[in-house]
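Some notes on the structure that comes next.
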Amino acid sequence: MGCWRYGQVVGEEHAGDSGGREFRRVSEELRSRMADGTYPVRSFLPSQRDLAEEFGVSRDTVQRVLRELSNEGWTEARQGSGIRVIKNQRIQSSTAKATRSHRGVTLGPLISEAFEQPEVALDVYTLTFESLDAHIRLQAERIRGGFIQPRSISLRVLLPTTSLPLPYPRAMDDENAPRLRDRLMAITERHTKSLCSVLRDLRTEELVPAVDVQIRHVPLTPAFKLYVLNGVEVLFGPYEVIERPVVLETGEEIRALDVLGLGATLTHHVRDADPDSPGSVFVTSMQAWFGSVWTLLSD
């Protein structure tokens with residue numbers, strides 16, 4: 001498996017930093033649950049006490065995680081009711097299939113349908129792939145449960161070059177700039193390892209005969225997120241830059257310019273029998289763009 005890894009991450013917490021690890025574990029799990037629909041929009045998260053008991057962490061850790069989710073715009077506190085989910089990935093599509101929810105298209109069903117094909121091929125261009133990691137892990141569980149049986153999985157991911165000065169995330173003061181840079185690299189490192197491990201295990205356990213994962217750098221700042229699914233569907237969405245407080249794993253808040261991966265509204269395009277239709281033209285152009293960058297600019 002051609003799975004690329006970052007080198008040592010300068011900002012990664014020490015082995016004894018259990019508080020940082022617990023904060024990360026809880027925050028990533030709650031994001032995954034919102035991404036896969038476990039906690040849909042307008043639903044309420046479990047109480048702080050229930051979350052602390054479920055994850056075996058302190059109430060302080062839960063409070064810091066909930067503060068981060070609120071700062072990112074995913075939840076809001078309702079007096080007397082709890083923490084309500086108010087936002088999730090939005091996808092605009094005029095070609096939604098009947099198998100998808102009538103309440104709107106979400107990323108989960110689109111990824112699920114892509115994995116229901118015998119040959120799965122995903123090309124992804126993104127700043128980080130937290131949401132992709134969550135969805136791939138969900139598909140791995142479907143494969144283990146025997147619900148789907150793809151013969152091959154091919155995943156190509158383009159990420160920004162690690163040495164590239166990025167305009168976001170960027171601290172509003174120079175003193176904290178390295179800390180946010182290290183945080184971004186640590187997030188990407190964790191999800192790289194997770195995604196590669198999940199897919200490698202599918203091949204090792206002989207559940208999927210052929211698995212190929214390639215992750216490359218490209219000297220470009222992602223201004224948009226792109227998914228090409230099995231060569232016939234494209235999800236495309238620009239990143240919106242926002243100013244918000246970023247909660248570090250220590251509990252400290254830093255004012256920063258940032259983008260939210262789950263916050264990008266994606267448009268959904270499908271190749272059809274007419275090569276000149278808007279959907280076919282868009283899918284073809286995005287495939288060509290990805291292929292050219294992959295071949296000529298990435299390493």
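Chain labels A, B, ... are given in the sequence in which chains occur in the structure tokens; within each chain residues are numbered consecutively from 1, and ligands are likewise numbered from 1 in the order shown.
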If we count only C-alpha atoms and set the cut-off at 12 Å, which residues sit around Arg25 in chain A, ignoring sequence neighbours fewer than 6 positions away in its own chain? Please answer as a PDB file with N, CA, C and O atoms, in the first residue's frame.
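result-v8.pdb written:
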```
ATOM      1  N   SER A  18      -1.981  12.880  29.017  1.00  0.00           N
ATOM      2  CA  SER A  18      -3.233  12.145  28.890  1.00  0.00           C
ATOM      3  C   SER A  18      -4.409  13.081  28.692  1.00  0.00           C
ATOM      4  O   SER A  18      -5.375  12.744  28.017  1.00  0.00           O
ATOM      5  N   GLY A  19      -4.329  14.301  29.302  1.00  0.00           N
ATOM      6  CA  GLY A  19      -5.424  15.238  29.129  1.00  0.00           C
ATOM      7  C   GLY A  19      -5.624  15.623  27.682  1.00  0.00           C
ATOM      8  O   GLY A  19      -6.755  15.710  27.201  1.00  0.00           O
ATOM      9  N   ARG A  31     -17.438  14.645  16.677  1.00  0.00           N
ATOM     10  CA  ARG A  31     -17.494  15.117  15.293  1.00  0.00           C
ATOM     11  C   ARG A  31     -17.902  13.977  14.351  1.00  0.00           C
ATOM     12  O   ARG A  31     -18.675  14.169  13.419  1.00  0.00           O
ATOM     13  N   SER A  32     -17.350  12.788  14.593  1.00  0.00           N
ATOM     14  CA  SER A  32     -17.699  11.636  13.754  1.00  0.00           C
ATOM     15  C   SER A  32     -19.181  11.319  13.854  1.00  0.00           C
ATOM     16  O   SER A  32     -19.835  11.006  12.854  1.00  0.00           O
ATOM     17  N   PHE A  55     -17.267   8.259  28.118  1.00  0.00           N
ATOM     18  CA  PHE A  55     -15.876   8.289  27.653  1.00  0.00           C
ATOM     19  C   PHE A  55     -14.863   8.103  28.780  1.00  0.00           C
ATOM     20  O   PHE A  55     -13.667   7.976  28.513  1.00  0.00           O
ATOM     21  N   GLY A  56     -15.340   8.100  30.019  1.00  0.00           N
ATOM     22  CA  GLY A  56     -14.419   7.922  31.135  1.00  0.00           C
ATOM     23  C   GLY A  56     -13.465   9.085  31.320  1.00  0.00           C
ATOM     24  O   GLY A  56     -12.275   8.887  31.600  1.00  0.00           O
ATOM     25  N   VAL A  57     -13.986  10.304  31.137  1.00  0.00           N
ATOM     26  CA  VAL A  57     -13.162  11.502  31.271  1.00  0.00           C
ATOM     27  C   VAL A  57     -13.815  12.441  32.274  1.00  0.00           C
ATOM     28  O   VAL A  57     -14.946  12.225  32.723  1.00  0.00           O
ATOM     29  N   THR A  61     -12.977  18.081  30.819  1.00  0.00           N
ATOM     30  CA  THR A  61     -12.636  17.706  29.436  1.00  0.00           C
ATOM     31  C   THR A  61     -13.851  17.823  28.537  1.00  0.00           C
ATOM     32  O   THR A  61     -13.777  18.353  27.428  1.00  0.00           O
ATOM     33  N   VAL A  62     -15.001  17.327  29.002  1.00  0.00           N
ATOM     34  CA  VAL A  62     -16.230  17.407  28.215  1.00  0.00           C
ATOM     35  C   VAL A  62     -16.598  18.862  27.954  1.00  0.00           C
ATOM     36  O   VAL A  62     -16.982  19.236  26.836  1.00  0.00           O
ATOM     37  N   VAL A  65     -14.428  20.310  25.214  1.00  0.00           N
ATOM     38  CA  VAL A  65     -14.825  19.793  23.902  1.00  0.00           C
ATOM     39  C   VAL A  65     -16.093  20.492  23.420  1.00  0.00           C
ATOM     40  O   VAL A  65     -16.184  20.927  22.264  1.00  0.00           O
ATOM     41  N   ILE A 187      -3.208  17.085  13.646  1.00  0.00           N
ATOM     42  CA  ILE A 187      -4.517  16.588  13.215  1.00  0.00           C
ATOM     43  C   ILE A 187      -4.367  15.746  11.955  1.00  0.00           C
ATOM     44  O   ILE A 187      -4.924  14.647  11.832  1.00  0.00           O
ATOM     45  N   ARG A 190      -2.660  12.349  12.660  1.00  0.00           N
ATOM     46  CA  ARG A 190      -3.534  11.374  13.316  1.00  0.00           C
ATOM     47  C   ARG A 190      -4.492  10.731  12.325  1.00  0.00           C
ATOM     48  O   ARG A 190      -4.675   9.511  12.314  1.00  0.00           O
ATOM     49  N   HIS A 191      -5.097  11.549  11.490  1.00  0.00           N
ATOM     50  CA  HIS A 191      -6.092  11.002  10.576  1.00  0.00           C
ATOM     51  C   HIS A 191      -5.434  10.245   9.421  1.00  0.00           C
ATOM     52  O   HIS A 191      -6.028   9.316   8.873  1.00  0.00           O
ATOM     53  N   GLU A 249      -5.741  21.732  23.124  1.00  0.00           N
ATOM     54  CA  GLU A 249      -5.989  20.580  23.994  1.00  0.00           C
ATOM     55  C   GLU A 249      -5.688  20.884  25.448  1.00  0.00           C
ATOM     56  O   GLU A 249      -6.098  20.159  26.344  1.00  0.00           O
TER      57      GLU A 249
END
```
Run DSSP on the backbone and give me the residues of range 51-235 of chain A it puts in helix (DSSP H, G or I), as a PyMOL selection string. chain A and resi 51-55+59-71+107-115+130-144+174-204
Selected residue of minimal separation from Ser163 in chain A among A:Gln214, A:Thr221, A:Gln139, A:Asn176, counting only C-alpha atoms: A:Thr221
Quick one: residues within 9 Å of Pro169 in chain A, only C-alpha atoms, excluding same-chain residues fewer than 2 positions away - as a compact mmCIF listing (two decimals) with N, CA and C atoms, in the first residue's frame?
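Final output, saved to result-v9.txt:
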```
# COMPACT_ATOMS: atom_id res chain seq x y z
N LEU A 166 0.81 28.55 5.09
CA LEU A 166 -0.63 28.58 4.80
C LEU A 166 -1.27 29.83 5.42
N PRO A 167 -2.24 30.42 4.72
CA PRO A 167 -2.93 31.59 5.28
C PRO A 167 -3.92 31.23 6.38
N ALA A 171 -3.03 32.28 13.58
CA ALA A 171 -3.31 33.01 14.82
C ALA A 171 -3.33 34.50 14.55
N ALA A 177 1.35 31.64 16.32
CA ALA A 177 1.31 31.08 14.97
C ALA A 177 1.89 29.66 14.91
N LEU A 180 -0.57 26.88 16.20
CA LEU A 180 -1.65 26.47 15.31
C LEU A 180 -1.13 25.65 14.14
N ARG A 181 0.08 25.97 13.68
CA ARG A 181 0.69 25.18 12.61
C ARG A 181 0.92 23.75 13.10
N LEU A 184 -2.38 21.83 13.30
CA LEU A 184 -2.85 21.35 11.99
C LEU A 184 -2.08 20.10 11.57
N ALA A 256 -8.20 33.09 15.93
CA ALA A 256 -7.53 32.68 14.70
C ALA A 256 -8.43 32.86 13.50
N LEU A 257 -7.80 32.95 12.33
CA LEU A 257 -8.49 32.79 11.06
C LEU A 257 -8.44 31.30 10.72
N ASP A 258 -9.56 30.73 10.34
CA ASP A 258 -9.60 29.29 10.12
C ASP A 258 -10.69 28.99 9.09
N VAL A 259 -10.70 27.75 8.62
CA VAL A 259 -11.79 27.24 7.80
C VAL A 259 -12.29 25.96 8.46
```
I'd like the contact shell of Pro46 in chain A - 8 Å cut-off, only C-alpha atoms, skipping same-chain residues fewer than 2 positions apart - returned as a PyMOL selection string. chain A and resi 44+48+50-51+82-83
With N, CA, C and O atoms retained, export the selected residues as a PDB file, in the first residue's frame.
```pdb
ATOM      1  N   PHE A  44     -30.206  16.629  20.189  1.00  0.00           N
ATOM      2  CA  PHE A  44     -29.443  17.090  21.345  1.00  0.00           C
ATOM      3  C   PHE A  44     -28.360  16.087  21.698  1.00  0.00           C
ATOM      4  O   PHE A  44     -28.578  14.864  21.613  1.00  0.00           O
ATOM      5  N   GLN A  48     -23.610  16.475  29.798  1.00  0.00           N
ATOM      6  CA  GLN A  48     -22.189  16.459  30.143  1.00  0.00           C
ATOM      7  C   GLN A  48     -21.860  15.281  31.058  1.00  0.00           C
ATOM      8  O   GLN A  48     -20.826  14.629  30.887  1.00  0.00           O
ATOM      9  N   ASP A  50     -23.432  12.384  31.225  1.00  0.00           N
ATOM     10  CA  ASP A  50     -23.485  11.136  30.463  1.00  0.00           C
ATOM     11  C   ASP A  50     -22.267  10.988  29.556  1.00  0.00           C
ATOM     12  O   ASP A  50     -21.723   9.883  29.403  1.00  0.00           O
ATOM     13  N   LEU A  51     -21.850  12.095  28.936  1.00  0.00           N
ATOM     14  CA  LEU A  51     -20.667  12.031  28.079  1.00  0.00           C
ATOM     15  C   LEU A  51     -19.418  11.710  28.895  1.00  0.00           C
ATOM     16  O   LEU A  51     -18.576  10.910  28.465  1.00  0.00           O
ATOM     17  N   GLY A  82     -30.231  21.581  26.918  1.00  0.00           N
ATOM     18  CA  GLY A  82     -28.939  20.951  26.678  1.00  0.00           C
ATOM     19  C   GLY A  82     -28.255  21.523  25.451  1.00  0.00           C
ATOM     20  O   GLY A  82     -28.531  22.648  25.020  1.00  0.00           O
ATOM     21  N   ILE A  83     -27.373  20.721  24.850  1.00  0.00           N
ATOM     22  CA  ILE A  83     -26.575  21.139  23.702  1.00  0.00           C
ATOM     23  C   ILE A  83     -27.211  20.592  22.436  1.00  0.00           C
ATOM     24  O   ILE A  83     -27.317  19.377  22.255  1.00  0.00           O
TER      25      ILE A  83
END
```
